[in-house]
Amino acid sequence: MHDERRRIEERVARVHDQRIKPAIYAASVPFEVEAWQAPGEPVPFEEAAAAPYKPFAMDTPWGPPWGTTWFRMRGSVPADWTGKRVEAVFDLGFVGDWPGNQAEALVHLPDGVPLKAVNPQNQYVPIAHPAAGGEEIHYLVEAASNPDILANDFAGPTPLGDRLTAGDKPLYTFKRADIAVLDENVWHLGLDVQVLRELMLELGELDPRRHEIMIALDRAMDALDLDDISGTAAAARAVLAPTLAKPAHASAHTLSAAGHAHIDSAWLWPIRETKRKTSRTFSNVTALAEEYEELVFACSQAQQYEWVRDNYPHVWERIKKAVADGNWAPVGGMWVEADGNLPGGEALARQLIHGKRFFIEHFGIETKGVWLPDSFGYNAAYPQLAKLAGNDWFLTQKLSWNQTNKLPHHSFWWEGLDGTRIFTHFPPVDTYNVEFSGKEMAHAVRNYQDKGRGTTSLAPFGHGDGGGGPTREMMERARRLASLEGSAKVRIEHPDAFFATAREEIPKDQVWSGELYLELHRATYTSQARTKQGNRRSEHRMREAELWATTAALNAPGYSYPYEKLDRLWKTVLLHQFHDILPGSSIAWVHREAEAEYARVAKEVEAITAEAVAALGTGETRVFNTSPVDRAEVVRTSVGIPMYAEVPAGASALLGAQEPPRPVTVEGRVLDNGLVRVELAEDGTLASVRDLTADREVLADKGNLLRLHSDLPNYWDAWDIDKHYKNRYTDLLDAESVTVVEDGPLLGALKVERAFGKGSRIVQTITVRAGSRRIDVETEIDWHEAEKILKAAFPVDIRAPHSSAEIQFGHVQRPTHTNTSWESARFEVYGHRWVHIAEPGYGVAVINDSTYGHDVSRTVREDGGTTTTVRLSLVRAPRVPDPEADQGKHRFTYALLPGASIEDAIAEGYALNLPLRVADSAGPAEPVVSVDGEGVTVEAVKLADDASGDVVVRLYESRGGRASGTLRTGFPLAGAQVTDLLERPLTTADTDGNAVAVALRPFEVQTLRLAVAKA
């Protein structure tokens, strides 16, 4: 019996692959082809249409890396093809099957209207169904010769990731450009055979259904004349029809299917290519919707819709029609599918605000879910932010990649940092590129964790990552699998419909609390440090610009709030938070452009801020404090002179009006300001940090110890850091020099210079300022290492059972032990501006201005004491996909804060990231708003997006406890409302004159809309 089964399986496979598939196109005639190679970057259709074309023959190489070749295709349908289904068929010289990382093309009519795209899995363009015969065909085909960056499975670095290094050797050889007849009977037979054969192979050896299918397939092969596939295909199909008609069991699991095309907004291609990818994929989907009325295509990322609207108006109109017809479902409600860990809290709020608003404005649709299948973990603030934006559900897929642990559920209620819960689904099919293969169908059923409670799961189907989307073959498979005995059922529907059904099935006590940590891709907290620094700086610059622009709009006659500029700049920042840009996992071209964009944003935002501050001007030199806490610290004037300033939160003060505190003394390698005493060793490490107020030594060993580790992960170089990196390292203990560079009285500083590795240098300036316990380590690195990671360690004499790390709108606690596999898997974690460790009565914080990755560990010393070590990940050197990642110069600052509470960490995190601004020609700036009440923290102050003149304030509780207080306005208050993130009213706030009562639960985010009384 085994031999017989194998005979049938092998027979069916060979006949399908070698006879049926080649017979799908019954007859063909070639196009006449001409070509024009566009010089440099892509050109508009009008320019390509007017270009000089030359004859082009098949089997000719074409396409330099990142080039665009336009092909002019002319032909006619033979007269004797009347009544047949005629299509254009193209093979650009495809390598492999993945549509998104190689040659792609968009086919246009001569008037510039895009028809459809072609890629390895979608090579046809409809011509006529049925044909009249004699139709004249004229196409202009825009072909992109994008290189295969994934070649050899990321085996090594490649110069192809940037047009500056990729060369100009042609990558592809054009294989086919034909007008052809699609033999529908043969095509359908192939699909019948595929679906049944794949189902058969997934059924158990003893399952009668397996044998039934096997016999039916064998008989169908008997009915098929191998010399006349076209003439006998219908007969073979008739043999299979009864087997295909048997319905699924009533209890069969249901796959709720939504068409999908994951399009990375940049990854192994630059942003400019993504703009074209969207047009190709969206053209294909709208064309498919015309043929399959049951199609529902779930599409996220408002940014990509905007690109199509601005660059491909014909495709945009087709999208609008598909939305109106119910074939197209905007989902996600975010500007892009952002990284889930690194964007700041306000930036994530803006992702949701801008995304939701776009879909409401252009389609009249308010999306109801967050769609993030591919981001690398999900922060614990997401449930609250999602709900505040009006969402009911959350979808992810990436956690199926966990290396160590498997989540216990596929549908569950996710509880966030503040206690908010949102219904969440994690598709058991374990991919967002479902093709409805038998293997996928069976895996979804076997893998589903909620059997006995739930009966349905979601299946996003379509080619993705580089786009492509659903195909007609997938739609046909879905039709056959709608109800087929032995298989799960397939029901194509809107994701909202799936979530409504699943939500009713899953009990309320099926809860996951806290962050959804991905046990993989941990190096994305560190790779491409300049990109991450650009994001952090941009987020804080935007906060500063909005605050002072609001202040000027309320107080400076004639000043106009720059709505359009701020909106545009925010969208640039949000785009670069995409989950392959900000994490540092894209090609060199992407990160080169990101650095340039961040520089442009910095220049524009600085101009906005300077203009707003100047509008307040009376010619005084004042200090402006953007942070939500009062500040008393040393600043430098515009000519570099240190001075002491005390400035209220969100306000300004006259420079030089305050008495400085106790001076800093510098004696040899010792800095002392009466609060802390810092001693450097000869090797440049921190030999001692003494908290003079608490009268205790902070360090348990060398502080600011720089350790260079080998860092070659098993796979995914830019993405991963594997545990074995810890086993091999070099401590950087050879200091070229330790010199005094600042000698009081307001600040003292020592500079340490080191050379190491392959020509790398690091210069660190350790600074102590008058009146501050914070010890800054200003760092300049000229980095030339390969496959290394540099860590900075602070071993602290504290027994901390957990560390606390700032995340979006709050902080999370993580154990410092590894009792369980879940804890052990968190050997590299992320935080935003600070990490805090403490034992009862005493704590220490490590502050940063641009790093995210870190690890915290605990050891017991020989003297019985406990050391808790915080190590910041400063810079890496992966070589794939960008062989020059992180090479060159970096400048950043991190700091040690002894004797720190959580409140201190919060305050100093803001202070380091929002330096006081000294303006030489400014006037007084009273706070737009001020708050009292411990833990009530202002995150954003801006004018309402509807240009009404209302003031919008975003608050959150930052300590992790309940908070109440009063918000007072610096303007006459006409009324106040609590709103959602989109500034739509939820409740009326209690007011008394210019005061608003505020009450927040732990880590609650609240948005207040404040009406300004008219004069």
# chains A, B, ... in the order shown; residues from 1 in each chain; ligands from 1
$ closest_atom_pairs --of "region 215-302 of chain A" --to "region 314-323 of chain A" --cutoff "8 Å" --atoms "only C-alpha atoms" --output "CSV"
residue,atom,partner,partner_atom,distance
A:Ser279,CA,A:Val315,CA,6.9
A:Phe282,CA,A:Val315,CA,7.0
A:Ser283,CA,A:Val315,CA,6.1
A:Thr286,CA,A:Arg318,CA,6.3
A:Ala289,CA,A:Ala322,CA,7.2
$ residues_around --residues "region 997-1014 of chain A" --least-positions-apart "5" --cutoff "7 Å" --atoms "only C-alpha atoms" --output "VMD selection string"
chain A and resid 417 to 418 809 to 810 950 to 958 960 to 967 971 to 981 983 990 to 991
$ write_last_selection --atoms "C-alpha atoms" --output "compact mmCIF listing (two decimals), in the first residue's frame"
# COMPACT_ATOMS: atom_id res chain seq x y z
CA LEU A 417 0.53 49.45 31.48
CA ASP A 418 -2.43 51.38 32.88
CA PHE A 809 3.95 57.22 28.80
CA GLY A 810 5.35 55.31 31.75
CA ASP A 950 -8.09 75.78 21.24
CA VAL A 951 -5.10 74.58 23.20
CA VAL A 952 -4.51 70.82 23.46
CA VAL A 953 -2.53 69.42 26.37
CA ARG A 954 -1.50 65.77 26.69
CA LEU A 955 -0.91 64.64 30.27
CA TYR A 956 0.04 61.33 31.80
CA GLU A 957 0.68 59.89 35.24
CA SER A 958 4.40 59.08 35.23
CA GLY A 960 2.85 54.42 38.45
CA GLY A 961 0.43 55.59 41.16
CA ARG A 962 -2.78 57.55 41.30
CA ALA A 963 -2.42 61.27 40.87
CA SER A 964 -4.60 64.31 41.26
CA GLY A 965 -3.86 67.97 40.87
CA THR A 966 -4.73 71.17 39.12
CA LEU A 967 -3.81 72.41 35.68
CA PHE A 971 -4.60 82.45 29.25
CA PRO A 972 -8.26 83.15 30.04
CA LEU A 973 -10.04 79.80 29.99
CA ALA A 974 -13.49 79.51 28.41
CA GLY A 975 -13.99 75.79 29.00
CA ALA A 976 -12.26 72.42 28.99
CA GLN A 977 -12.98 68.95 27.66
CA VAL A 978 -11.34 65.59 28.03
CA THR A 979 -10.90 64.22 24.49
CA ASP A 980 -9.67 61.16 22.67
CA LEU A 981 -6.37 61.32 20.82
CA GLU A 983 -9.20 65.75 19.97
CA ASP A 990 -14.23 70.40 35.88
CA THR A 991 -13.00 73.99 35.79
$ residues_around --residues "region 166-174 of chain A" --least-positions-apart "2" --cutoff "8 Å" --atoms "only C-alpha atoms" --output "mmCIF file with C-alpha atoms, in the first residue's frame"
data_model
loop_
_atom_site.group_PDB
_atom_site.id
_atom_site.type_symbol
_atom_site.label_atom_id
_atom_site.label_comp_id
_atom_site.auth_asym_id
_atom_site.auth_seq_id
_atom_site.Cartn_x
_atom_site.Cartn_y
_atom_site.Cartn_z
ATOM 1 C CA MET A 58 14.115 38.512 -25.796
ATOM 2 C CA ASP A 59 16.938 36.756 -23.906
ATOM 3 C CA THR A 60 18.772 40.075 -23.745
ATOM 4 C CA PRO A 61 20.248 41.309 -20.440
ATOM 5 C CA TRP A 62 18.683 44.453 -19.055
ATOM 6 C CA GLY A 63 18.492 46.471 -15.878
ATOM 7 C CA PRO A 64 21.415 47.841 -13.855
ATOM 8 C CA PRO A 65 20.903 47.739 -10.055
ATOM 9 C CA ASP A 91 8.801 37.096 -17.687
ATOM 10 C CA LEU A 92 11.321 39.802 -16.934
ATOM 11 C CA GLY A 93 13.921 37.201 -16.039
ATOM 12 C CA PHE A 94 12.587 36.586 -12.564
ATOM 13 C CA ALA A 103 12.466 42.793 -10.993
ATOM 14 C CA SER A 145 15.613 46.256 -11.868
ATOM 15 C CA PRO A 147 18.606 43.785 -6.864
ATOM 16 C CA PRO A 159 27.393 46.384 -2.182
ATOM 17 C CA LEU A 160 23.982 46.220 -3.870
ATOM 18 C CA GLY A 161 22.228 47.980 -0.989
ATOM 19 C CA ASP A 162 23.049 51.464 -2.246
ATOM 20 C CA ARG A 163 23.020 52.864 -5.752
ATOM 21 C CA LEU A 164 26.350 54.556 -4.887
ATOM 22 C CA ARG A 176 9.077 36.465 -22.381
#
$ residues_around --residues "Val331 (chain A)" --least-positions-apart "5" --cutoff "6 Å" --atoms "only C-alpha atoms" --output "list in words"
Cys299, Ser300 and Thr367 of chain A
$ closest_atom_pairs --of "region 462-571 of chain A" --to "region 628-648 of chain A" --cutoff "12 Å" --atoms "only C-alpha atoms" --output "JSON lines"
{"residue": "A:Arg543", "atom": "CA", "partner": "A:Pro628", "partner_atom": "CA", "distance": 11.0}
{"residue": "A:Glu544", "atom": "CA", "partner": "A:Pro628", "partner_atom": "CA", "distance": 11.1}
{"residue": "A:Leu547", "atom": "CA", "partner": "A:Pro628", "partner_atom": "CA", "distance": 10.9}
$ residues_around --residues "Pro562 (chain A)" --least-positions-apart "2" --cutoff "9 Å" --atoms "only C-alpha atoms" --output "list of chain:residue names"
A:Glu546, A:Ala549, A:Ser560, A:Glu564, A:Lys565, A:Leu566, A:Asp567, A:Ile608
$ select_by_dssp --residues "region 422-603 of chain A" --states "alpha helix (DSSP H)" --output "JSON, numbers by chain"
{"A": [438, 439, 440, 441, 442, 443, 444, 445, 446, 447, 472, 473, 474, 475, 476, 477, 478, 479, 480, 495, 496, 497, 498, 499, 500, 501, 502, 503, 504, 505, 529, 530, 531, 532, 533, 534, 535, 536, 537, 538, 539, 540, 541, 542, 543, 544, 545, 546, 547, 548, 549, 550, 551, 552, 553, 554, 555, 563, 564, 565, 566, 567, 568, 569, 570, 571, 572, 573, 574, 575, 588, 589, 590, 591, 592, 593, 594, 595, 596, 597, 598, 599, 600, 601, 602, 603]}
$ residues_around --residues "Arg799 (chain A)" --least-positions-apart "5" --cutoff "12 Å" --atoms "only C-alpha atoms" --output "list in words"
Val698, Ala700, Pro815, Thr816, His817, Ile837, Ala838, Glu839, Pro840, Gly841, Tyr842, Gly843, Val844, Val856, Ser857, Arg858, Thr859, Val860, Arg861, Gly864, Gly865, Thr866, Thr867, Thr868 and Thr869 of chain A
$ atom_distance --atom1 "CA of Asn119 (chain A)" --atom2 "CA of Trp66 (chain A)"
15.9 Å
$ closest_residue --among "A:Ile215, A:Ile506, A:Val929, A:Ala1015" --to "Asn994 (chain A)" --atoms "only C-alpha atoms"
A:Val929
